[in-house]
Amino acid sequence: MRIGVLTGGGDCPGLNAVIRAVARRSWANGHEVVGVREGWRGMVEHRFSPLGPEQISGILPRGGTIIGTTRTNPYKVDGGIDKVRAAFEQLDALVAIGGEDTLGVAARLYDDFEARVVGVPKTIDNDLSGTDYTFGFDTAVSICTEAIDRLHTTAESHNRVMVVEVMGRHAGWIAVHSGIAGGADMILIPERPVDLDDVENEIRRRHGRGKNFSIVVVSEGCELPGAEDKGEVDQFGHKLLAKRGVGERLGDEIESRTGFETRVTVLGHIQRGGSPTSRDRILATRFGLKAADLVEAGDFGQMAALRGDEVIACSLREATAELKTVPLDWYDVSRTFFG
Ligand code: F6P
């Protein structure tokens, strides 16, 4: 068989570990593996590159993706799906590694013409259904936790409020996990409407009991009351997040309401860059092996998924049907430590 591998959407620590695992298992089964360049764009433009022992060597700990990535949606490209169909003629199977957008396309291709595709759940946001965790999330949470730890000492030294803006798009998983791990005094996530009076009261309450600094973690997808919605969306229909992020605007509000000196840190793409944690390397490796096994079994339209400690198969349709957002009980764990 000739098996293609593509990585789509935002890059994420662990992508190369998946590519390596798919390649190693597929070679062992006697197959050829090729990289499809830059996500779905490579399927539209028929751009493949060899993935042999030379390309795979040493990539396990490396961040990013050796085959490139874009957010191309072939359903939005003129004649895109015909070109993707033609690309499938050159492959016996495709392993698509991506989040809800990339895998949403895979699910649709499978429904439309039974494309021989299997999926691997990738995203630092951890917002994909069907799997307990995506790879890349643990690395992002570790980076944010370390940042929060560092911000604690400078916040305390200067008696300041520190606002830390983290990624996650429309799900607050990174904020809740890193906020709990870092001992944040307030965590704001898109799943819960922001009440600025509450934020002010919690900070005042904390400072009133002798604490002269606070750490507020805010997820980038939070909307502040009164914020302007320009209605702009990307190729996948996602609302574009404001250029001057929510962190800056929240910092201004906190400082003007409380009078406490406030600084803002936007962690941005640092959360996605660099080497994966050991946990992500292992999860990515297990997902890659499962994807290769699904191809071997001809079990298309499926995605490797983590349930408990087991890697199982779940349908791409189920995985992409709706976003996995933070449930109330998770938020309650973090709320215990507010103020
Ligand atoms: O989906 C991963 C992610 O990092 C989100 O957390 C973030 O909103 C988005 O990608 C950023 O995208 P870009 O790299 O295109 O700016």
# chains A, B, ... in the order shown; residues from 1 in each chain; ligands from 1

call {"tool": "residues_near_ligand", "arguments": {"ligand": "ligand 1", "cutoff": "7 Å", "atoms": "only C-alpha atoms and all ligand atoms", "output": "ChimeraX atom specification"}}
result
/A:9-10,123-125,167-169,269,272

call {"tool": "select_by_dssp", "arguments": {"residues": "range 10-205 of chain A", "states": "alpha helix (DSSP H)", "output": "PyMOL selection string"}}
result
chain A and resi 15-28+40-45+53-56+80-89+100-113+137-158+173-182+196-205

call {"tool": "closest_residue", "arguments": {"among": "A:Asn126, A:Thr7, A:Gln302, A:Ser315", "to": "Trp40 in chain A", "atoms": "only C-alpha atoms"}}
result
A:Thr7

call {"tool": "residues_around", "arguments": {"residues": "Asp11 in chain A", "least_positions_apart": "4", "cutoff": "12 Å", "atoms": "only C-alpha atoms", "output": "number ranges by chain"}}
result
A: 6-7, 15-16, 38-39, 62-71, 97-99, 102, 122-125, 135-137, 140, 269-276

call {"tool": "atom_distance", "arguments": {"atom1": "CA of Val77 in chain A", "atom2": "CA of Ala107 in chain A"}}
result
17.3 Å

call {"tool": "residues_around", "arguments": {"residues": "range 227-235 of chain A", "least_positions_apart": "5", "cutoff": "9 Å", "atoms": "only C-alpha atoms", "output": "ChimeraX atom specification"}}
result
/A:71-73,76,240-242

call {"tool": "write_last_selection", "arguments": {"atoms": "all heavy atoms", "output": "PDB file, in the first residue's frame"}}
result
ATOM      1  N   ARG A  71      -4.353  25.845   7.049  1.00  0.00           N
ATOM      2  CA  ARG A  71      -5.772  25.712   7.415  1.00  0.00           C
ATOM      3  C   ARG A  71      -6.650  25.642   6.165  1.00  0.00           C
ATOM      4  O   ARG A  71      -7.795  26.104   6.175  1.00  0.00           O
ATOM      5  CB  ARG A  71      -6.198  26.894   8.292  1.00  0.00           C
ATOM      6  CG  ARG A  71      -5.515  26.935   9.654  1.00  0.00           C
ATOM      7  CD  ARG A  71      -6.180  27.964  10.543  1.00  0.00           C
ATOM      8  NE  ARG A  71      -5.434  28.209  11.769  1.00  0.00           N
ATOM      9  CZ  ARG A  71      -5.521  27.455  12.849  1.00  0.00           C
ATOM     10  NH1 ARG A  71      -6.316  26.409  12.854  1.00  0.00           N
ATOM     11  NH2 ARG A  71      -4.804  27.742  13.920  1.00  0.00           N
ATOM     12  N   THR A  72      -6.127  25.093   5.071  1.00  0.00           N
ATOM     13  CA  THR A  72      -6.897  24.998   3.823  1.00  0.00           C
ATOM     14  C   THR A  72      -8.132  24.112   4.005  1.00  0.00           C
ATOM     15  O   THR A  72      -8.025  23.007   4.535  1.00  0.00           O
ATOM     16  CB  THR A  72      -6.022  24.378   2.711  1.00  0.00           C
ATOM     17  OG1 THR A  72      -4.834  25.142   2.609  1.00  0.00           O
ATOM     18  CG2 THR A  72      -6.754  24.341   1.380  1.00  0.00           C
ATOM     19  N   ASN A  73      -9.273  24.622   3.565  1.00  0.00           N
ATOM     20  CA  ASN A  73     -10.497  23.829   3.549  1.00  0.00           C
ATOM     21  C   ASN A  73     -10.814  23.492   2.085  1.00  0.00           C
ATOM     22  O   ASN A  73     -11.235  24.373   1.330  1.00  0.00           O
ATOM     23  CB  ASN A  73     -11.647  24.631   4.173  1.00  0.00           C
ATOM     24  CG  ASN A  73     -12.939  23.840   4.207  1.00  0.00           C
ATOM     25  OD1 ASN A  73     -13.040  22.765   3.599  1.00  0.00           O
ATOM     26  ND2 ASN A  73     -13.931  24.365   4.900  1.00  0.00           N
ATOM     27  N   LYS A  76     -13.813  24.721   0.299  1.00  0.00           N
ATOM     28  CA  LYS A  76     -13.924  26.159  -0.034  1.00  0.00           C
ATOM     29  C   LYS A  76     -13.026  26.522  -1.218  1.00  0.00           C
ATOM     30  O   LYS A  76     -12.901  27.690  -1.571  1.00  0.00           O
ATOM     31  CB  LYS A  76     -13.505  27.007   1.183  1.00  0.00           C
ATOM     32  CG  LYS A  76     -14.426  26.908   2.374  1.00  0.00           C
ATOM     33  CD  LYS A  76     -15.652  27.762   2.162  1.00  0.00           C
ATOM     34  CE  LYS A  76     -16.813  27.306   2.982  1.00  0.00           C
ATOM     35  NZ  LYS A  76     -17.269  27.931   4.057  1.00  0.00           N
ATOM     36  N   LEU A 240     -13.411  35.111  14.134  1.00  0.00           N
ATOM     37  CA  LEU A 240     -12.029  35.552  14.348  1.00  0.00           C
ATOM     38  C   LEU A 240     -11.956  36.269  15.692  1.00  0.00           C
ATOM     39  O   LEU A 240     -12.795  37.117  16.004  1.00  0.00           O
ATOM     40  CB  LEU A 240     -11.574  36.481  13.228  1.00  0.00           C
ATOM     41  CG  LEU A 240     -11.368  35.828  11.853  1.00  0.00           C
ATOM     42  CD1 LEU A 240     -10.889  36.850  10.837  1.00  0.00           C
ATOM     43  CD2 LEU A 240     -10.356  34.680  11.952  1.00  0.00           C
ATOM     44  N   LEU A 241     -10.938  35.923  16.460  1.00  0.00           N
ATOM     45  CA  LEU A 241     -10.804  36.538  17.774  1.00  0.00           C
ATOM     46  C   LEU A 241     -10.197  37.936  17.596  1.00  0.00           C
ATOM     47  O   LEU A 241      -9.408  38.168  16.683  1.00  0.00           O
ATOM     48  CB  LEU A 241      -9.915  35.657  18.670  1.00  0.00           C
ATOM     49  CG  LEU A 241     -10.473  34.240  18.857  1.00  0.00           C
ATOM     50  CD1 LEU A 241      -9.492  33.349  19.602  1.00  0.00           C
ATOM     51  CD2 LEU A 241     -11.806  34.270  19.582  1.00  0.00           C
ATOM     52  N   ALA A 242     -10.592  38.853  18.481  1.00  0.00           N
ATOM     53  CA  ALA A 242     -10.151  40.248  18.334  1.00  0.00           C
ATOM     54  C   ALA A 242      -8.626  40.346  18.297  1.00  0.00           C
ATOM     55  O   ALA A 242      -7.935  39.621  19.010  1.00  0.00           O
ATOM     56  CB  ALA A 242     -10.700  41.063  19.497  1.00  0.00           C
TER      57      ALA A 242
END

call {"tool": "residues_around", "arguments": {"residues": "Thr336 in chain A", "least_positions_apart": "4", "cutoff": "12 Å", "atoms": "only C-alpha atoms", "output": "ChimeraX atom specification"}}
result
/A:179-180,183-187,202,329-332

call {"tool": "write_last_selection", "arguments": {"atoms": "N, CA, C and O atoms", "output": "mmCIF file, in the first residue's frame"}}
result
data_model
loop_
_atom_site.group_PDB
_atom_site.id
_atom_site.type_symbol
_atom_site.label_atom_id
_atom_site.label_comp_id
_atom_site.auth_asym_id
_atom_site.auth_seq_id
_atom_site.Cartn_x
_atom_site.Cartn_y
_atom_site.Cartn_z
ATOM 1 N N GLY A 179 -4.663 26.952 35.053
ATOM 2 C CA GLY A 179 -5.054 27.784 36.190
ATOM 3 C C GLY A 179 -5.096 26.988 37.488
ATOM 4 O O GLY A 179 -4.646 27.444 38.538
ATOM 5 N N ILE A 180 -5.615 25.762 37.425
ATOM 6 C CA ILE A 180 -5.646 24.912 38.630
ATOM 7 C C ILE A 180 -4.215 24.558 39.017
ATOM 8 O O ILE A 180 -3.813 24.690 40.184
ATOM 9 N N GLY A 183 -2.369 27.548 40.448
ATOM 10 C CA GLY A 183 -2.954 28.218 41.619
ATOM 11 C C GLY A 183 -3.481 29.612 41.290
ATOM 12 O O GLY A 183 -3.290 30.556 42.064
ATOM 13 N N ALA A 184 -4.150 29.753 40.142
ATOM 14 C CA ALA A 184 -4.687 31.074 39.758
ATOM 15 C C ALA A 184 -5.775 31.522 40.729
ATOM 16 O O ALA A 184 -6.493 30.694 41.299
ATOM 17 N N ASP A 185 -5.905 32.832 40.898
ATOM 18 C CA ASP A 185 -6.900 33.370 41.826
ATOM 19 C C ASP A 185 -8.241 33.621 41.151
ATOM 20 O O ASP A 185 -9.252 33.884 41.812
ATOM 21 N N MET A 186 -8.223 33.550 39.830
ATOM 22 C CA MET A 186 -9.465 33.696 39.058
ATOM 23 C C MET A 186 -9.189 33.130 37.675
ATOM 24 O O MET A 186 -8.104 33.337 37.124
ATOM 25 N N ILE A 187 -10.172 32.390 37.146
ATOM 26 C CA ILE A 187 -10.022 31.820 35.802
ATOM 27 C C ILE A 187 -11.280 32.158 35.015
ATOM 28 O O ILE A 187 -12.398 31.922 35.493
ATOM 29 N N GLU A 202 -13.972 39.618 43.513
ATOM 30 C CA GLU A 202 -13.041 38.544 43.921
ATOM 31 C C GLU A 202 -11.645 39.123 44.194
ATOM 32 O O GLU A 202 -10.993 38.747 45.170
ATOM 33 N N ASP A 329 -18.565 20.888 36.189
ATOM 34 C CA ASP A 329 -17.853 20.297 37.339
ATOM 35 C C ASP A 329 -16.345 20.557 37.275
ATOM 36 O O ASP A 329 -15.698 20.720 38.303
ATOM 37 N N TRP A 330 -15.813 20.648 36.074
ATOM 38 C CA TRP A 330 -14.388 20.992 35.951
ATOM 39 C C TRP A 330 -14.157 22.428 36.403
ATOM 40 O O TRP A 330 -13.205 22.740 37.103
ATOM 41 N N TYR A 331 -15.069 23.311 35.971
ATOM 42 C CA TYR A 331 -14.913 24.720 36.334
ATOM 43 C C TYR A 331 -15.049 24.885 37.852
ATOM 44 O O TYR A 331 -14.352 25.701 38.459
ATOM 45 N N ASP A 332 -15.920 24.089 38.457
ATOM 46 C CA ASP A 332 -16.110 24.165 39.909
ATOM 47 C C ASP A 332 -14.843 23.830 40.677
ATOM 48 O O ASP A 332 -14.593 24.379 41.743
#

call {"tool": "residues_around", "arguments": {"residues": "Thr277 in chain A", "least_positions_apart": "4", "cutoff": "9 Å", "atoms": "only C-alpha atoms", "output": "ChimeraX atom specification"}}
result
/A:13-14,61,136,138-139,142,281-282

call {"tool": "closest_residue", "arguments": {"among": "A:Gly247, A:Pro53, A:Pro190, A:Gly288", "to": "Ala17 in chain A", "atoms": "only C-alpha atoms"}}
result
A:Gly288

call {"tool": "atom_distance", "arguments": {"atom1": "CA of Cys314 in chain A", "atom2": "CA of Arg47 in chain A"}}
result
28.8 Å
